[in-house]
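K.L.:
Below is one structure. I have some questions about it.
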Amino acid sequence: MVNSKSSTIITLQNFKFIMISVWIDWGTLRDGKILKKQFAAIALKNLTAGTHIIHPLSDFILNYWQARKFNTQKKHALNTVKFLNYILFNRLNIRSLSDLNFKNGNNYLNSLTSEGQSRGSVKDSERTLTYLYLWLIDKGISNLDKNRFIKKETQNGSSYYESPFQVIYPDHKPPNVEHTLPIRYIPLLIEIAILVARPITLGVYLQLFGGLRVGEVVNLKRTQLKRRIANGDFLFEVKDQNFRTDLKDSSGGNYVKRSRNQRVFQINDWGESLFNDHIELFTAAGKTPALFVNRDGKAMSGRSYRQYFDKLKRCFIQYLKTYGDSDDKLVAHHLSMMSWSTHIGRGTFTNMLAEIAENPYDIAFPRGDKNLLSSLSYMSRTERLRKKLEDKFHNMHGTYIPKLIEKRNT
């Protein structure tokens, strides 16, 4: 805890603030297993010695976001670290945290706009700084006027503080992000994944036909497959597993956004074939129960998954450019100019659902947006959607993946 006005910001050139990941023993389960939880902390690093110590400012992150997921803590810790390093780098006349004023915050946030940061990024940093300044006041470190912070109530009963800063925000720009892949290219994408990114091929299928996020894929256990349901569809239990507590700088791809049971559609037996091949080819090392593993047999991290996907993306675009017709080449050019990654699987899945859905629930339930599994009516709607999806791919049954399935079964 920081409760002294003497909390000093070190201004030596060989120091900088960093965000670090800390795993803490959080409790004990009934079977005696230690439950670990990951937290984001702020540390001060000695660049010369290569060592660091946890800074008392970590209490700021825990004060507001202790109950939130690691990704949320990490975001605010990184925003705080960047602001503190801005203060150090610019050698402002600030010897301790008590010297910070609103002008410092204004200048920093406007510098983000000048650097070309997105409007969302600037607003995100502004929110972190708003609560940082509030925390400094509440701890007695700062004498700034708390009346500058106006508390507002939301419609759902929660509250927030309006920013006390004066910021010039960047102009709105259309995002240069591609969210969906044309459905006719899905079989080709999976086949190329088999050739160049085999460890994640099943994961790509789960994303395309179940809408799973990266963090949800790498958190699956082999034993969590609850068994096939109607017409062979998969049903996975999705929840945080904390497979890789050894990773200190875990990316956001290691976490589940919302625990749930998630259905993945079985299309033309592709999923069954890919699942069986995956189980046969990839064996976990040691005691890890992870379904997806890296080349060392350890549970795959979200970062490793994305690296495989980046290779798949490059090879997919190159294939379209080299062997495709004129339309394929146009698609390849578009995809090479746009920003897209693993989340395109969830976006494509959503787009396919939207084309055949009769109401919003037909999209929300298969995506796992809300807990509707207890409703038999939604289960029947999902079965209808699965049949429609399979019909859309029926004409492709003589192309790409089916050839591999037939070859495997001979």
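Simple scheme: letters A, B, ... for chains in structure tokens order, numbers from 1 for residues in each chain, numbers from 1 for ligands in the order shown.
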If you run DSSP over the backbone, which residues in region 53-229 of chain A end up strand (DSSP E)? Put them as a VMD selection string.

P.N.:
chain A and resid 53 to 54 151 to 153 159 to 161

K.L.:
Create the file for the chosen residues now, containing N, CA, C and O atoms and written as a PDB file, in the first residue's frame.

P.N.:
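Final output, part-v8.pdb:
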```pdb
ATOM      1  N   ILE A  53      11.788  -4.734  -9.160  1.00  0.00           N
ATOM      2  CA  ILE A  53      11.080  -4.903  -7.898  1.00  0.00           C
ATOM      3  C   ILE A  53       9.644  -4.442  -8.103  1.00  0.00           C
ATOM      4  O   ILE A  53       9.377  -3.535  -8.900  1.00  0.00           O
ATOM      5  N   ILE A  54       8.721  -5.083  -7.396  1.00  0.00           N
ATOM      6  CA  ILE A  54       7.316  -4.680  -7.509  1.00  0.00           C
ATOM      7  C   ILE A  54       7.121  -3.336  -6.820  1.00  0.00           C
ATOM      8  O   ILE A  54       7.557  -3.127  -5.690  1.00  0.00           O
ATOM      9  N   LYS A 151     -19.217  12.017 -10.241  1.00  0.00           N
ATOM     10  CA  LYS A 151     -19.693  10.641 -10.248  1.00  0.00           C
ATOM     11  C   LYS A 151     -21.024  10.543 -10.972  1.00  0.00           C
ATOM     12  O   LYS A 151     -21.936  11.334 -10.732  1.00  0.00           O
ATOM     13  N   LYS A 152     -21.125   9.572 -11.870  1.00  0.00           N
ATOM     14  CA  LYS A 152     -22.328   9.370 -12.667  1.00  0.00           C
ATOM     15  C   LYS A 152     -22.880   7.965 -12.434  1.00  0.00           C
ATOM     16  O   LYS A 152     -22.135   7.024 -12.189  1.00  0.00           O
ATOM     17  N   GLU A 153     -24.197   7.836 -12.536  1.00  0.00           N
ATOM     18  CA  GLU A 153     -24.854   6.544 -12.400  1.00  0.00           C
ATOM     19  C   GLU A 153     -25.269   6.044 -13.780  1.00  0.00           C
ATOM     20  O   GLU A 153     -25.689   6.824 -14.632  1.00  0.00           O
ATOM     21  N   SER A 159     -21.839   2.711 -11.262  1.00  0.00           N
ATOM     22  CA  SER A 159     -21.424   4.109 -11.309  1.00  0.00           C
ATOM     23  C   SER A 159     -20.022   4.230 -11.885  1.00  0.00           C
ATOM     24  O   SER A 159     -19.272   3.250 -11.946  1.00  0.00           O
ATOM     25  N   TYR A 160     -19.672   5.431 -12.294  1.00  0.00           N
ATOM     26  CA  TYR A 160     -18.345   5.713 -12.824  1.00  0.00           C
ATOM     27  C   TYR A 160     -18.040   7.191 -12.611  1.00  0.00           C
ATOM     28  O   TYR A 160     -18.944   7.996 -12.296  1.00  0.00           O
ATOM     29  N   TYR A 161     -16.775   7.556 -12.771  1.00  0.00           N
ATOM     30  CA  TYR A 161     -16.357   8.949 -12.634  1.00  0.00           C
ATOM     31  C   TYR A 161     -16.033   9.526 -14.005  1.00  0.00           C
ATOM     32  O   TYR A 161     -15.341   8.892 -14.807  1.00  0.00           O
TER      33      TYR A 161
END
```

K.L.:
Using only C-alpha atoms, which protein or nucleic acid residues come within 12 Å of Thr288 (chain A)? Drop anything in the same chain fewer than 4 positions from it, and give the result as a ChimeraX atom specification.

P.N.:
/A:219-223,241-245,283-284,292-294,296-300

K.L.:
Just to be explicit: take each residue in the selection above, keep N, CA, C and O atoms, and write the result as a CSV table (one decimal), in the first residue's frame.

P.N.:
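That gives us part.csv:
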```csv
chain,number,residue,atom,x,y,z
A,219,ASN,N,-7.8,-23.4,-23.8
A,219,ASN,CA,-8.1,-23.8,-22.5
A,219,ASN,C,-9.0,-25.1,-22.5
A,219,ASN,O,-9.5,-25.5,-21.4
A,220,LEU,N,-9.1,-25.8,-23.6
A,220,LEU,CA,-9.9,-27.0,-23.6
A,220,LEU,C,-9.0,-28.2,-23.1
A,220,LEU,O,-7.8,-28.3,-23.4
A,221,LYS,N,-9.7,-29.1,-22.4
A,221,LYS,CA,-9.1,-30.3,-22.0
A,221,LYS,C,-9.5,-31.5,-22.9
A,221,LYS,O,-10.6,-31.4,-23.4
A,222,ARG,N,-8.7,-32.5,-23.0
A,222,ARG,CA,-9.1,-33.6,-23.8
A,222,ARG,C,-10.4,-34.3,-23.1
A,222,ARG,O,-11.2,-34.8,-23.8
A,223,THR,N,-10.4,-34.3,-21.8
A,223,THR,CA,-11.5,-34.9,-21.1
A,223,THR,C,-12.8,-34.0,-21.0
A,223,THR,O,-13.8,-34.5,-20.5
A,241,GLN,N,-8.4,-22.8,-17.4
A,241,GLN,CA,-7.7,-23.9,-16.8
A,241,GLN,C,-6.4,-23.6,-16.2
A,241,GLN,O,-5.8,-24.4,-15.4
A,242,ASN,N,-5.8,-22.4,-16.5
A,242,ASN,CA,-4.5,-22.0,-16.0
A,242,ASN,C,-3.4,-23.1,-16.3
A,242,ASN,O,-2.7,-23.4,-15.4
A,243,PHE,N,-3.4,-23.5,-17.5
A,243,PHE,CA,-2.4,-24.6,-17.9
A,243,PHE,C,-1.0,-24.1,-17.7
A,243,PHE,O,-0.1,-24.8,-17.3
A,244,ARG,N,-0.7,-22.8,-18.1
A,244,ARG,CA,0.6,-22.3,-18.2
A,244,ARG,C,0.9,-21.2,-17.1
A,244,ARG,O,1.1,-20.0,-17.5
A,245,THR,N,1.0,-21.6,-15.9
A,245,THR,CA,1.4,-20.6,-14.8
A,245,THR,C,2.8,-20.3,-14.9
A,245,THR,O,3.3,-19.4,-14.2
A,283,THR,N,0.3,-35.6,-28.6
A,283,THR,CA,0.2,-36.2,-27.3
A,283,THR,C,0.9,-35.2,-26.3
A,283,THR,O,2.0,-34.7,-26.5
A,284,ALA,N,0.2,-35.0,-25.2
A,284,ALA,CA,0.7,-34.0,-24.2
A,284,ALA,C,1.8,-34.7,-23.4
A,284,ALA,O,1.8,-35.9,-23.2
A,292,PHE,N,-4.8,-28.9,-26.8
A,292,PHE,CA,-3.9,-28.3,-27.8
A,292,PHE,C,-2.5,-28.2,-27.1
A,292,PHE,O,-2.4,-27.6,-26.0
A,293,VAL,N,-1.5,-28.7,-27.7
A,293,VAL,CA,-0.1,-28.7,-27.1
A,293,VAL,C,0.9,-28.1,-28.1
A,293,VAL,O,0.6,-28.2,-29.3
A,294,ASN,N,2.0,-27.6,-27.6
A,294,ASN,CA,3.0,-27.1,-28.5
A,294,ASN,C,4.0,-28.2,-28.9
A,294,ASN,O,3.8,-29.4,-28.5
A,296,ASP,N,6.7,-29.0,-27.7
A,296,ASP,CA,7.4,-29.7,-26.5
A,296,ASP,C,6.4,-30.5,-25.7
A,296,ASP,O,6.7,-31.1,-24.7
A,297,GLY,N,5.1,-30.6,-26.2
A,297,GLY,CA,4.1,-31.3,-25.5
A,297,GLY,C,3.4,-30.6,-24.4
A,297,GLY,O,2.6,-31.1,-23.6
A,298,LYS,N,3.8,-29.3,-24.2
A,298,LYS,CA,3.2,-28.5,-23.1
A,298,LYS,C,1.9,-27.9,-23.7
A,298,LYS,O,1.7,-27.7,-24.9
A,299,ALA,N,1.1,-27.4,-22.8
A,299,ALA,CA,-0.2,-26.8,-23.2
A,299,ALA,C,0.2,-25.6,-24.0
A,299,ALA,O,1.0,-24.8,-23.7
A,300,MET,N,-0.5,-25.5,-25.2
A,300,MET,CA,-0.2,-24.4,-26.1
A,300,MET,C,-0.7,-23.1,-25.5
A,300,MET,O,-1.8,-23.0,-25.0
```

K.L.:
For Asp328 (chain A), please output as a list in words all residues within 10 Å (counting only C-alpha atoms; exclusion window: fewer than 5 positions along the same chain).

P.N.:
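Once the nearby chain positions are removed, what remains is Tyr185, Ile317, Tyr319, Leu320, Lys321, Thr322, Tyr323, His333 and His334 of chain A.
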
K.L.:
Restricting the output to all heavy atoms, write the selected residues as a PDB file, in the first residue's frame.

P.N.:
```pdb
ATOM      1  N   TYR A 185     -14.328 -20.253 -49.150  1.00  0.00           N
ATOM      2  CA  TYR A 185     -12.903 -20.470 -48.892  1.00  0.00           C
ATOM      3  C   TYR A 185     -12.635 -21.241 -47.600  1.00  0.00           C
ATOM      4  O   TYR A 185     -11.479 -21.543 -47.285  1.00  0.00           O
ATOM      5  CB  TYR A 185     -12.169 -19.137 -48.851  1.00  0.00           C
ATOM      6  CG  TYR A 185     -12.117 -18.432 -50.187  1.00  0.00           C
ATOM      7  CD1 TYR A 185     -12.853 -17.273 -50.413  1.00  0.00           C
ATOM      8  CD2 TYR A 185     -11.342 -18.940 -51.224  1.00  0.00           C
ATOM      9  CE1 TYR A 185     -12.812 -16.630 -51.642  1.00  0.00           C
ATOM     10  CE2 TYR A 185     -11.292 -18.305 -52.456  1.00  0.00           C
ATOM     11  CZ  TYR A 185     -12.033 -17.155 -52.662  1.00  0.00           C
ATOM     12  OH  TYR A 185     -11.996 -16.540 -53.881  1.00  0.00           O
ATOM     13  N   ILE A 317      -3.075 -16.826 -48.334  1.00  0.00           N
ATOM     14  CA  ILE A 317      -3.073 -15.703 -49.277  1.00  0.00           C
ATOM     15  C   ILE A 317      -2.173 -16.011 -50.465  1.00  0.00           C
ATOM     16  O   ILE A 317      -2.532 -15.741 -51.624  1.00  0.00           O
ATOM     17  CB  ILE A 317      -2.620 -14.407 -48.561  1.00  0.00           C
ATOM     18  CG1 ILE A 317      -3.681 -13.964 -47.547  1.00  0.00           C
ATOM     19  CG2 ILE A 317      -2.360 -13.296 -49.575  1.00  0.00           C
ATOM     20  CD1 ILE A 317      -3.258 -12.770 -46.711  1.00  0.00           C
ATOM     21  N   TYR A 319      -1.402 -18.900 -51.699  1.00  0.00           N
ATOM     22  CA  TYR A 319      -2.030 -19.925 -52.549  1.00  0.00           C
ATOM     23  C   TYR A 319      -3.037 -19.277 -53.493  1.00  0.00           C
ATOM     24  O   TYR A 319      -3.085 -19.586 -54.691  1.00  0.00           O
ATOM     25  CB  TYR A 319      -2.719 -20.978 -51.679  1.00  0.00           C
ATOM     26  CG  TYR A 319      -3.370 -22.082 -52.495  1.00  0.00           C
ATOM     27  CD1 TYR A 319      -2.674 -23.243 -52.798  1.00  0.00           C
ATOM     28  CD2 TYR A 319      -4.681 -21.955 -52.949  1.00  0.00           C
ATOM     29  CE1 TYR A 319      -3.263 -24.254 -53.546  1.00  0.00           C
ATOM     30  CE2 TYR A 319      -5.277 -22.949 -53.706  1.00  0.00           C
ATOM     31  CZ  TYR A 319      -4.562 -24.098 -54.002  1.00  0.00           C
ATOM     32  OH  TYR A 319      -5.147 -25.082 -54.767  1.00  0.00           O
ATOM     33  N   LEU A 320      -3.867 -18.377 -52.943  1.00  0.00           N
ATOM     34  CA  LEU A 320      -4.861 -17.710 -53.787  1.00  0.00           C
ATOM     35  C   LEU A 320      -4.193 -16.877 -54.869  1.00  0.00           C
ATOM     36  O   LEU A 320      -4.651 -16.834 -56.019  1.00  0.00           O
ATOM     37  CB  LEU A 320      -5.764 -16.819 -52.929  1.00  0.00           C
ATOM     38  CG  LEU A 320      -6.702 -17.529 -51.937  1.00  0.00           C
ATOM     39  CD1 LEU A 320      -7.517 -16.509 -51.170  1.00  0.00           C
ATOM     40  CD2 LEU A 320      -7.606 -18.510 -52.651  1.00  0.00           C
ATOM     41  N   LYS A 321      -3.094 -16.206 -54.525  1.00  0.00           N
ATOM     42  CA  LYS A 321      -2.380 -15.393 -55.510  1.00  0.00           C
ATOM     43  C   LYS A 321      -1.743 -16.252 -56.601  1.00  0.00           C
ATOM     44  O   LYS A 321      -1.701 -15.857 -57.773  1.00  0.00           O
ATOM     45  CB  LYS A 321      -1.290 -14.564 -54.816  1.00  0.00           C
ATOM     46  CG  LYS A 321      -1.799 -13.426 -53.958  1.00  0.00           C
ATOM     47  CD  LYS A 321      -0.634 -12.667 -53.335  1.00  0.00           C
ATOM     48  CE  LYS A 321      -1.112 -11.478 -52.518  1.00  0.00           C
ATOM     49  NZ  LYS A 321       0.023 -10.749 -51.885  1.00  0.00           N
ATOM     50  N   THR A 322      -1.237 -17.423 -56.226  1.00  0.00           N
ATOM     51  CA  THR A 322      -0.475 -18.259 -57.153  1.00  0.00           C
ATOM     52  C   THR A 322      -1.360 -19.153 -57.997  1.00  0.00           C
ATOM     53  O   THR A 322      -1.153 -19.272 -59.217  1.00  0.00           O
ATOM     54  CB  THR A 322       0.526 -19.131 -56.378  1.00  0.00           C
ATOM     55  OG1 THR A 322       1.345 -18.292 -55.559  1.00  0.00           O
ATOM     56  CG2 THR A 322       1.412 -19.925 -57.338  1.00  0.00           C
ATOM     57  N   TYR A 323      -2.362 -19.777 -57.383  1.00  0.00           N
ATOM     58  CA  TYR A 323      -3.149 -20.797 -58.080  1.00  0.00           C
ATOM     59  C   TYR A 323      -4.600 -20.407 -58.334  1.00  0.00           C
ATOM     60  O   TYR A 323      -5.323 -21.142 -59.004  1.00  0.00           O
ATOM     61  CB  TYR A 323      -3.119 -22.109 -57.285  1.00  0.00           C
ATOM     62  CG  TYR A 323      -1.737 -22.639 -57.058  1.00  0.00           C
ATOM     63  CD1 TYR A 323      -1.117 -22.520 -55.809  1.00  0.00           C
ATOM     64  CD2 TYR A 323      -1.019 -23.247 -58.091  1.00  0.00           C
ATOM     65  CE1 TYR A 323       0.160 -23.004 -55.592  1.00  0.00           C
ATOM     66  CE2 TYR A 323       0.261 -23.729 -57.880  1.00  0.00           C
ATOM     67  CZ  TYR A 323       0.839 -23.608 -56.633  1.00  0.00           C
ATOM     68  OH  TYR A 323       2.107 -24.085 -56.435  1.00  0.00           O
ATOM     69  N   HIS A 333      -5.675 -10.150 -52.626  1.00  0.00           N
ATOM     70  CA  HIS A 333      -5.198  -8.762 -52.494  1.00  0.00           C
ATOM     71  C   HIS A 333      -5.912  -8.060 -51.344  1.00  0.00           C
ATOM     72  O   HIS A 333      -5.274  -7.361 -50.537  1.00  0.00           O
ATOM     73  CB  HIS A 333      -5.419  -8.017 -53.804  1.00  0.00           C
ATOM     74  CG  HIS A 333      -5.037  -6.566 -53.724  1.00  0.00           C
ATOM     75  ND1 HIS A 333      -3.728  -6.134 -53.676  1.00  0.00           N
ATOM     76  CD2 HIS A 333      -5.804  -5.426 -53.656  1.00  0.00           C
ATOM     77  CE1 HIS A 333      -3.689  -4.820 -53.609  1.00  0.00           C
ATOM     78  NE2 HIS A 333      -4.937  -4.368 -53.582  1.00  0.00           N
ATOM     79  N   HIS A 334      -7.223  -8.245 -51.264  1.00  0.00           N
ATOM     80  CA  HIS A 334      -7.990  -7.622 -50.190  1.00  0.00           C
ATOM     81  C   HIS A 334      -7.513  -8.107 -48.819  1.00  0.00           C
ATOM     82  O   HIS A 334      -7.289  -7.306 -47.905  1.00  0.00           O
ATOM     83  CB  HIS A 334      -9.479  -7.947 -50.369  1.00  0.00           C
ATOM     84  CG  HIS A 334     -10.328  -7.548 -49.208  1.00  0.00           C
ATOM     85  ND1 HIS A 334     -10.674  -6.237 -48.945  1.00  0.00           N
ATOM     86  CD2 HIS A 334     -10.892  -8.296 -48.203  1.00  0.00           C
ATOM     87  CE1 HIS A 334     -11.413  -6.182 -47.847  1.00  0.00           C
ATOM     88  NE2 HIS A 334     -11.566  -7.421 -47.386  1.00  0.00           N
TER      89      HIS A 334
END
```

K.L.:
Separation of CA of Asn351 (chain A) and CA of Ser259 (chain A), in Å?

P.N.:
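Going from CA of Asn351 (chain A) over to CA of Ser259 (chain A), I get 22.8 Å.
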
K.L.:
Rounded to one decimal place, report the CA of Gly32 (chain A)-CA of Lys239 (chain A) distance in Å.

P.N.:
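We find that CA of Gly32 (chain A) and CA of Lys239 (chain A) lie 20.0 Å from each other.
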
K.L.:
Do you know which residues are at most 12 Å from Ile87 (chain A) counting only C-alpha atoms, after dropping those on the same chain fewer than 5 positions away, and could you put them as a PyMOL selection string?

P.N.:
chain A and resi 9-13+16-17+80-82+92-97+99-101+103-105+107-109+111

K.L.:
Go ahead and save the picked residues with N, CA and C atoms, as a PDB file, in the first residue's frame.

P.N.:
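Final file, selection-v5.pdb:
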```
ATOM      1  N   ILE A   9       8.977   9.046  -7.439  1.00  0.00           N
ATOM      2  CA  ILE A   9       9.199   8.515  -8.775  1.00  0.00           C
ATOM      3  C   ILE A   9      10.685   8.658  -9.078  1.00  0.00           C
ATOM      4  N   ILE A  10      11.356   7.538  -9.317  1.00  0.00           N
ATOM      5  CA  ILE A  10      12.788   7.574  -9.602  1.00  0.00           C
ATOM      6  C   ILE A  10      13.011   8.086 -11.025  1.00  0.00           C
ATOM      7  N   THR A  11      13.863   9.061 -11.182  1.00  0.00           N
ATOM      8  CA  THR A  11      14.033   9.710 -12.481  1.00  0.00           C
ATOM      9  C   THR A  11      15.364   9.358 -13.152  1.00  0.00           C
ATOM     10  N   LEU A  12      16.059   8.362 -12.643  1.00  0.00           N
ATOM     11  CA  LEU A  12      17.317   7.982 -13.258  1.00  0.00           C
ATOM     12  C   LEU A  12      17.066   7.329 -14.607  1.00  0.00           C
ATOM     13  N   GLN A  13      17.986   7.551 -15.550  1.00  0.00           N
ATOM     14  CA  GLN A  13      17.803   7.055 -16.905  1.00  0.00           C
ATOM     15  C   GLN A  13      17.812   5.537 -16.988  1.00  0.00           C
ATOM     16  N   LYS A  16      13.027   2.100 -15.548  1.00  0.00           N
ATOM     17  CA  LYS A  16      11.739   2.325 -16.201  1.00  0.00           C
ATOM     18  C   LYS A  16      10.688   1.453 -15.540  1.00  0.00           C
ATOM     19  N   PHE A  17       9.440   1.857 -15.686  1.00  0.00           N
ATOM     20  CA  PHE A  17       8.338   1.088 -15.136  1.00  0.00           C
ATOM     21  C   PHE A  17       7.923   0.012 -16.131  1.00  0.00           C
ATOM     22  N   THR A  80      -0.978   2.601 -17.075  1.00  0.00           N
ATOM     23  CA  THR A  80      -0.309   3.326 -15.992  1.00  0.00           C
ATOM     24  C   THR A  80       1.193   3.383 -16.226  1.00  0.00           C
ATOM     25  N   VAL A  81       1.761   2.260 -16.606  1.00  0.00           N
ATOM     26  CA  VAL A  81       3.198   2.184 -16.860  1.00  0.00           C
ATOM     27  C   VAL A  81       3.615   3.144 -17.968  1.00  0.00           C
ATOM     28  N   LYS A  82       2.841   3.196 -19.020  1.00  0.00           N
ATOM     29  CA  LYS A  82       3.180   4.078 -20.135  1.00  0.00           C
ATOM     30  C   LYS A  82       3.149   5.548 -19.707  1.00  0.00           C
ATOM     31  N   LEU A  92      10.101  15.831 -16.547  1.00  0.00           N
ATOM     32  CA  LEU A  92       9.274  16.905 -16.002  1.00  0.00           C
ATOM     33  C   LEU A  92       9.690  17.195 -14.559  1.00  0.00           C
ATOM     34  N   ASN A  93       9.317  18.335 -14.087  1.00  0.00           N
ATOM     35  CA  ASN A  93       9.718  18.758 -12.745  1.00  0.00           C
ATOM     36  C   ASN A  93       8.840  18.061 -11.704  1.00  0.00           C
ATOM     37  N   ILE A  94       8.938  16.733 -11.690  1.00  0.00           N
ATOM     38  CA  ILE A  94       8.128  15.921 -10.781  1.00  0.00           C
ATOM     39  C   ILE A  94       9.065  14.994 -10.019  1.00  0.00           C
ATOM     40  N   ARG A  95       9.109  15.166  -8.732  1.00  0.00           N
ATOM     41  CA  ARG A  95      10.002  14.370  -7.900  1.00  0.00           C
ATOM     42  C   ARG A  95       9.265  13.248  -7.177  1.00  0.00           C
ATOM     43  N   SER A  96       7.955  13.352  -7.074  1.00  0.00           N
ATOM     44  CA  SER A  96       7.165  12.306  -6.420  1.00  0.00           C
ATOM     45  C   SER A  96       5.757  12.314  -7.006  1.00  0.00           C
ATOM     46  N   LEU A  97       5.008  11.289  -6.693  1.00  0.00           N
ATOM     47  CA  LEU A  97       3.644  11.183  -7.206  1.00  0.00           C
ATOM     48  C   LEU A  97       2.760  12.327  -6.728  1.00  0.00           C
ATOM     49  N   ASP A  99       3.442  15.322  -6.814  1.00  0.00           N
ATOM     50  CA  ASP A  99       3.634  16.491  -7.685  1.00  0.00           C
ATOM     51  C   ASP A  99       2.799  16.428  -8.960  1.00  0.00           C
ATOM     52  N   LEU A 100       2.170  15.291  -9.242  1.00  0.00           N
ATOM     53  CA  LEU A 100       1.372  15.179 -10.464  1.00  0.00           C
ATOM     54  C   LEU A 100       0.193  16.139 -10.429  1.00  0.00           C
ATOM     55  N   ASN A 101      -0.083  16.771 -11.553  1.00  0.00           N
ATOM     56  CA  ASN A 101      -1.236  17.660 -11.647  1.00  0.00           C
ATOM     57  C   ASN A 101      -2.054  17.323 -12.890  1.00  0.00           C
ATOM     58  N   LYS A 103      -2.573  19.031 -15.521  1.00  0.00           N
ATOM     59  CA  LYS A 103      -1.906  19.412 -16.763  1.00  0.00           C
ATOM     60  C   LYS A 103      -1.019  18.285 -17.274  1.00  0.00           C
ATOM     61  N   ASN A 104      -0.356  17.578 -16.349  1.00  0.00           N
ATOM     62  CA  ASN A 104       0.471  16.438 -16.758  1.00  0.00           C
ATOM     63  C   ASN A 104      -0.373  15.390 -17.476  1.00  0.00           C
ATOM     64  N   GLY A 105      -1.553  15.130 -16.925  1.00  0.00           N
ATOM     65  CA  GLY A 105      -2.453  14.166 -17.560  1.00  0.00           C
ATOM     66  C   GLY A 105      -2.947  14.658 -18.905  1.00  0.00           C
ATOM     67  N   ASN A 107      -1.465  16.747 -20.980  1.00  0.00           N
ATOM     68  CA  ASN A 107      -0.370  16.707 -21.953  1.00  0.00           C
ATOM     69  C   ASN A 107      -0.097  15.279 -22.432  1.00  0.00           C
ATOM     70  N   TYR A 108      -0.138  14.345 -21.501  1.00  0.00           N
ATOM     71  CA  TYR A 108       0.128  12.955 -21.878  1.00  0.00           C
ATOM     72  C   TYR A 108      -0.949  12.419 -22.825  1.00  0.00           C
ATOM     73  N   LEU A 109      -2.202  12.621 -22.458  1.00  0.00           N
ATOM     74  CA  LEU A 109      -3.298  12.096 -23.278  1.00  0.00           C
ATOM     75  C   LEU A 109      -3.319  12.739 -24.662  1.00  0.00           C
ATOM     76  N   SER A 111      -0.705  13.810 -26.150  1.00  0.00           N
ATOM     77  CA  SER A 111       0.454  13.284 -26.876  1.00  0.00           C
ATOM     78  C   SER A 111       0.098  11.964 -27.563  1.00  0.00           C
TER      79      SER A 111
END
```

K.L.:
CA of Phe275 (chain A) and CA of Ile192 (chain A) are how many Å apart?

P.N.:
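Taking CA of Phe275 (chain A) as the start and CA of Ile192 (chain A) as the end point, the length is 16.4 Å.
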